[in-house]
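*Asks:* The following block contains the structure, expressed as structure tokens.
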There are 2 protein chains.
Amino acid sequence: MAKQVKAEILAVGTELLLGQIANTNAQWLSVRLADMGVNVFFHGVVGDNEERMRHQMEQANGRSDIVIVTGGLGPTDDDVTREVASEVLGLSIEEEHEALRDIEAYFEANNRQMTPNNRRQARMLKGSTILSNHVGMAPGFAVTNEGTTWIFLPGVPREMKAIMDDGGFELIRSHFSLEDTIQSRMLRFISIGESHLAHDLQDLLDQQTNPTIAPLAAKGEVALRITAKAQTKEAANKLIDHTEASVLDRVGMYCYGKDDDTLESTVFHMLKEQKETISAAESLTGGRFIDQVVSQQGASSVCNGGVVCYATAVKEQVLEVPKLIINEYGTVSETCAVNLAVNIANKLNSSIGISFTGVAGPDPVEGQPVGTVYIGIYKDGEQPFAKKFHFHGDREEIRQRSVKKGFELLYHYLK
Amino acid sequence: MAKQVKAEILAVGTELLLGQIANTNAQWLSVRLADMGVNVFFHGVVGDNEERMRHQMEQANGRSDIVIVTGGLGPTDDDVTREVASEVLGLSIEEEHEALRDIEAYFEANNRQMTPNNRRQARMLKGSTILSNHVGMAPGFAVTNEGTTWIFLPGVPREMKAIMDDGGFELIRSHFSLEDTIQSRMLRFISIGESHLAHDLQDLLDQQTNPTIAPLAAKGEVALRITAKAQTKEAANKLIDHTEASVLDRVGMYCYGKDDDTLESTVFHMLKEQKETISAAESLTGGRFIDQVVSQQGASSVCNGGVVCYATAVKEQVLEVPKLIINEYGTVSETCAVNLAVNIANKLNSSIGISFTGVAGPDPVEGQPVGTVYIGIYKDGEQPFAKKFHFHGDREEIRQRSVKKGFELLYHYLK
């Protein structure tokens with residue numbers, strides 16, 4: 001068993017202390033470190049204040065094997081992370097030519113003008129390893145001092161993540177020759193609630209030791225995180241396989257995918273395998289459904305496009321819903337939804353058409369309460385249908401839930 | 001001027017250190033405390049581990065006037081917040097009859113069976129003020145020890161918030177007879193980078209004391225947060241107004257809005273005021289632009305809809321781009337973008353049409369490299385035009401940047 005590696009994460013940023021953003025960097029890093037078998041024992045947040053930052057860093061230096069510092073590396077003078085770390089660790093700050101070249105290259109590539117400030121971001125602690133940043137301007141850097149490995153990263157989540165994935169985690173793995181590996185697998189479920197899932201798996205959840213099983217709920221879905229610890233990846237995955245089998249034995253019918261699968265990508269691949277093409281007629285969802293299809297790589301093989309028919313005139317003129325139907329049943333109706341689904345498929349020459357029409361709010365439409373939504377589905381040569389839903393929440397939530405429900409309906413329809 | 005009140009927030013919970021949830025409690029508390037004029041100087045997160053928790057609490061006891069501890073008050077044995085606090089503060093733990101009655105009442109009201117464990121949740125530090133919990137079972141409690149006021153709250157966000165709103169914040173206000181108030185204002189900028197902004201404002205940033213000025217960068221935009229402290233809201237806002245004036249004096253041309261304004265909502269309101277209607281022809285952006293317009297309340301007055309013309313056939317058949325143009329110039333071309341912008345406006349009867357056509361990747365299209373994007377704009381009775389861009393990043397980033405750039409172009413066009 002490898003020595004326990006103790007890590008802590010120190011986030012720098014007044015915007016965190018003012019509550020303008022949540023510390024999602026610490027959350028993301030914690031998940032990934034746990035997967036590597038690193039124990040995260042503290043999260044800290046401090047502002048751009050030299051004295052308080054110094055205090056936090058001195059403390060971290062004593063008690064942790066790994067200290068990951070996010071933020072405060074920017075081009076402006078209130079970014080003092082580098083300077084304080086230099087004091088605390090007794091390492092001078094030097095301009096890294098290689099880093100400077102990267103920064104200059106970044107500005108050329110984006111043909112933007114580099115200001116003197118940006119030079120600051122090439123400055124690192126003496127003896128640092130550069131952690132390159134392929135999605136942004138400023139690199140991160142790592143330095144080991146008195147047995148503690150310090151990793152300094154920009155606060156922008158996208159850049160922080162890319163830097164860690166590209167080299168940061170590997171640097172940790174090699175420095176600490178991590179033996180015991182922790183493997184984790186997500187099982188993703190739809191059309192079942194968290195408490196229902198927990199109820200069906202109660203005894204498994206009670207008995208759990210290794211692997212552990214953690215139910216997570218988010219965005220209208222439930223996931224189970226199965227985490228196992230073992231000497232080898234293979235052994236850990238074997239443990240997970242065994243637990244997964246007994247879980248799917250109970251609730252497999254609701255499981256649509258694993259790990260990085262999303263309901264959207266799963267439906268996309270079902271469409272691809274079944275050689276179907278899809279188009280959407282979107283009223284209240286305003287293009288969000290088709291946007292999520294187009295987000296998938298290789299979308300062109302599955303999606304021709306869609307029509308956002310927010311205005312009634314567009315439903316009539318572009319999607320040729322008969323005036324009669326709109327006058328008789330209204331735009332927020334089963335009949336209109338069915339018509340839209342059939343017409344969008346035909347007009348865009350797709351084998352499947354899906355439609356969304358409803359009331360996103362804040363005001364009722366055609367006497368229908370906010371949250372009333374019809375979703376229509378038509379598949380070439382089959383009977384079209386539409387289902388009625390009542391979604392709660394504000395305009396944004398109702399629109400988001402409508403889109404998610406559309407994918408859920410398609411998932412069951414294609415299965 | 002009242003004494004500066006220093007606060008810190010200590011969250012207890014292994015689920016935070018494992019990254020299963022983000023510390024949104026600290027975010028929420030920080031916003032509310034800032035509004036009261038309390039300075040939050042630290043956030044900390046520690047697991048359900050007595051030794052490490054003790055260490056964090058001892059440290060907090062020395063340096064802060066207010067310590068808010070969230071989590072670790074539950075009924076199970078691994079909830080040790082109470083016990084550790086008792087040691088650190090040298091206060092015994094006593095069962096509060098009133099709290100116990102509340103808990104018993106809760107179980108009756110929900111006709112659930114109370115377990116012996118739940119009695120634990122009526123236990124508080126000697127001399128505590130009960131902070132009642134009307135949305136859950138376990139109350140919070142507050143105790144002042146050696147000049148530091150400790151507030152202990154459940155970790156469940158809903159309960160934590162309710163307890164603070166019902167009595168927690170009032171307790172703080174009265175204990176510290178808060179006079180000073182902190183006011184904050186965001187100025188939002190587009191078409192200028194963070195370092196360029198900082199460069200133009202260098203002397204202001206150097207001189208800052210009260211108000212303070214903090215540049216923030218996110219999602220292709222830059223913001224300045226101006227924060228002032230004064231005895232009254234009015235006085236604080238006056239200070240902010242003065243600083244804002246000198247900032248806008250320099251870089252006002254890039255400032256599109258304040259506080260909760262977004263570029264998208266700003267453009268939306270410009271369209272509304274100018275009584276324009278907009279439609280979009282979206283290829284690589286797949287409906288995301290029009291989705292962000294429809295996200296705005298009252299979208300119907302501004303937006304008829306749009307067409308997602310991902311497939312070339314849709315560009316030709318639905319949006320009537322002449323085959324000749326597509327054969328001659330390709331779909332990823334200035335000419336095609338202009339055509340799409342004009343045709344979508346005419347087809348959907350909108351006064352403004354905007355189009356997006358380009359290469360989201362991963363593969364080049366028509367020999368054009370990934371990231372090549374044309375955005376076309378046409379306004380009824382005016383000369384249509386299209387601009388060419390090169391965006392970096394993956395498929396998702398290129399699509400997102402295209403949409404953002406579309407709003408940026410519209411902003412300048414409508415201004």
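By convention here, the chains of the structure tokens are called A, B, ... in the order presented, each chain's residues are numbered starting at 1, and ligands are numbered starting at 1 in the order presented.
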Mind the document's chain letters and residue numbers, and return as a PyMOL selection string the residues of region 47-266 of chain A that DSSP labels helix (DSSP H, G or I).
*Replies:* chain A and resi 50-63+81-89+97-109+116-122+157-175+194-200+202-207+233-254+263-266
*Asks:* Could you give the C-alpha RMSD in Å for chain B superposed on chain A, pairing all atoms in order?
*Replies:*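 Here the C-alpha RMSD works out to 4.8 Å.
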*Asks:* What residues in chain B have any atom no more than 6 Å from chain A when counting only C-alpha atoms, and can you write them as a PyMOL selection string?
*Replies:* chain B and resi 17-19+22+24+27+30-31+40+42-46+286-288+291+294+304-311
*Asks:* Would you kindly return, as a ChimeraX atom specification, each protein, DNA or RNA residue with an atom no farther than 8 Å from any atom of region 388-391 of chain A, considering only C-alpha atoms and excluding same-chain residues fewer than 5 positions away?
*Replies:* /A:334,371-375,398,401-402
*Asks:* Which residues, written as a list in words, have at least one atom at most 6 Å from Gly140 (chain A), with only C-alpha atoms counted and residues fewer than 5 positions away on the same chain left out?
*Replies:*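 Once the adjacent positions are removed, what remains is Leu131, Phe152 and Leu153 of chain A.
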*Asks:* Contacts of His412 (chain A) at 10 Å or less, counting only C-alpha atoms, minus same-chain residues fewer than 5 places along, as a list in words?
*Replies:*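 Listed by chain and then number, they are Ile190, Ser191, Tyr254, Tyr256, Val267 and Phe407 of chain A.
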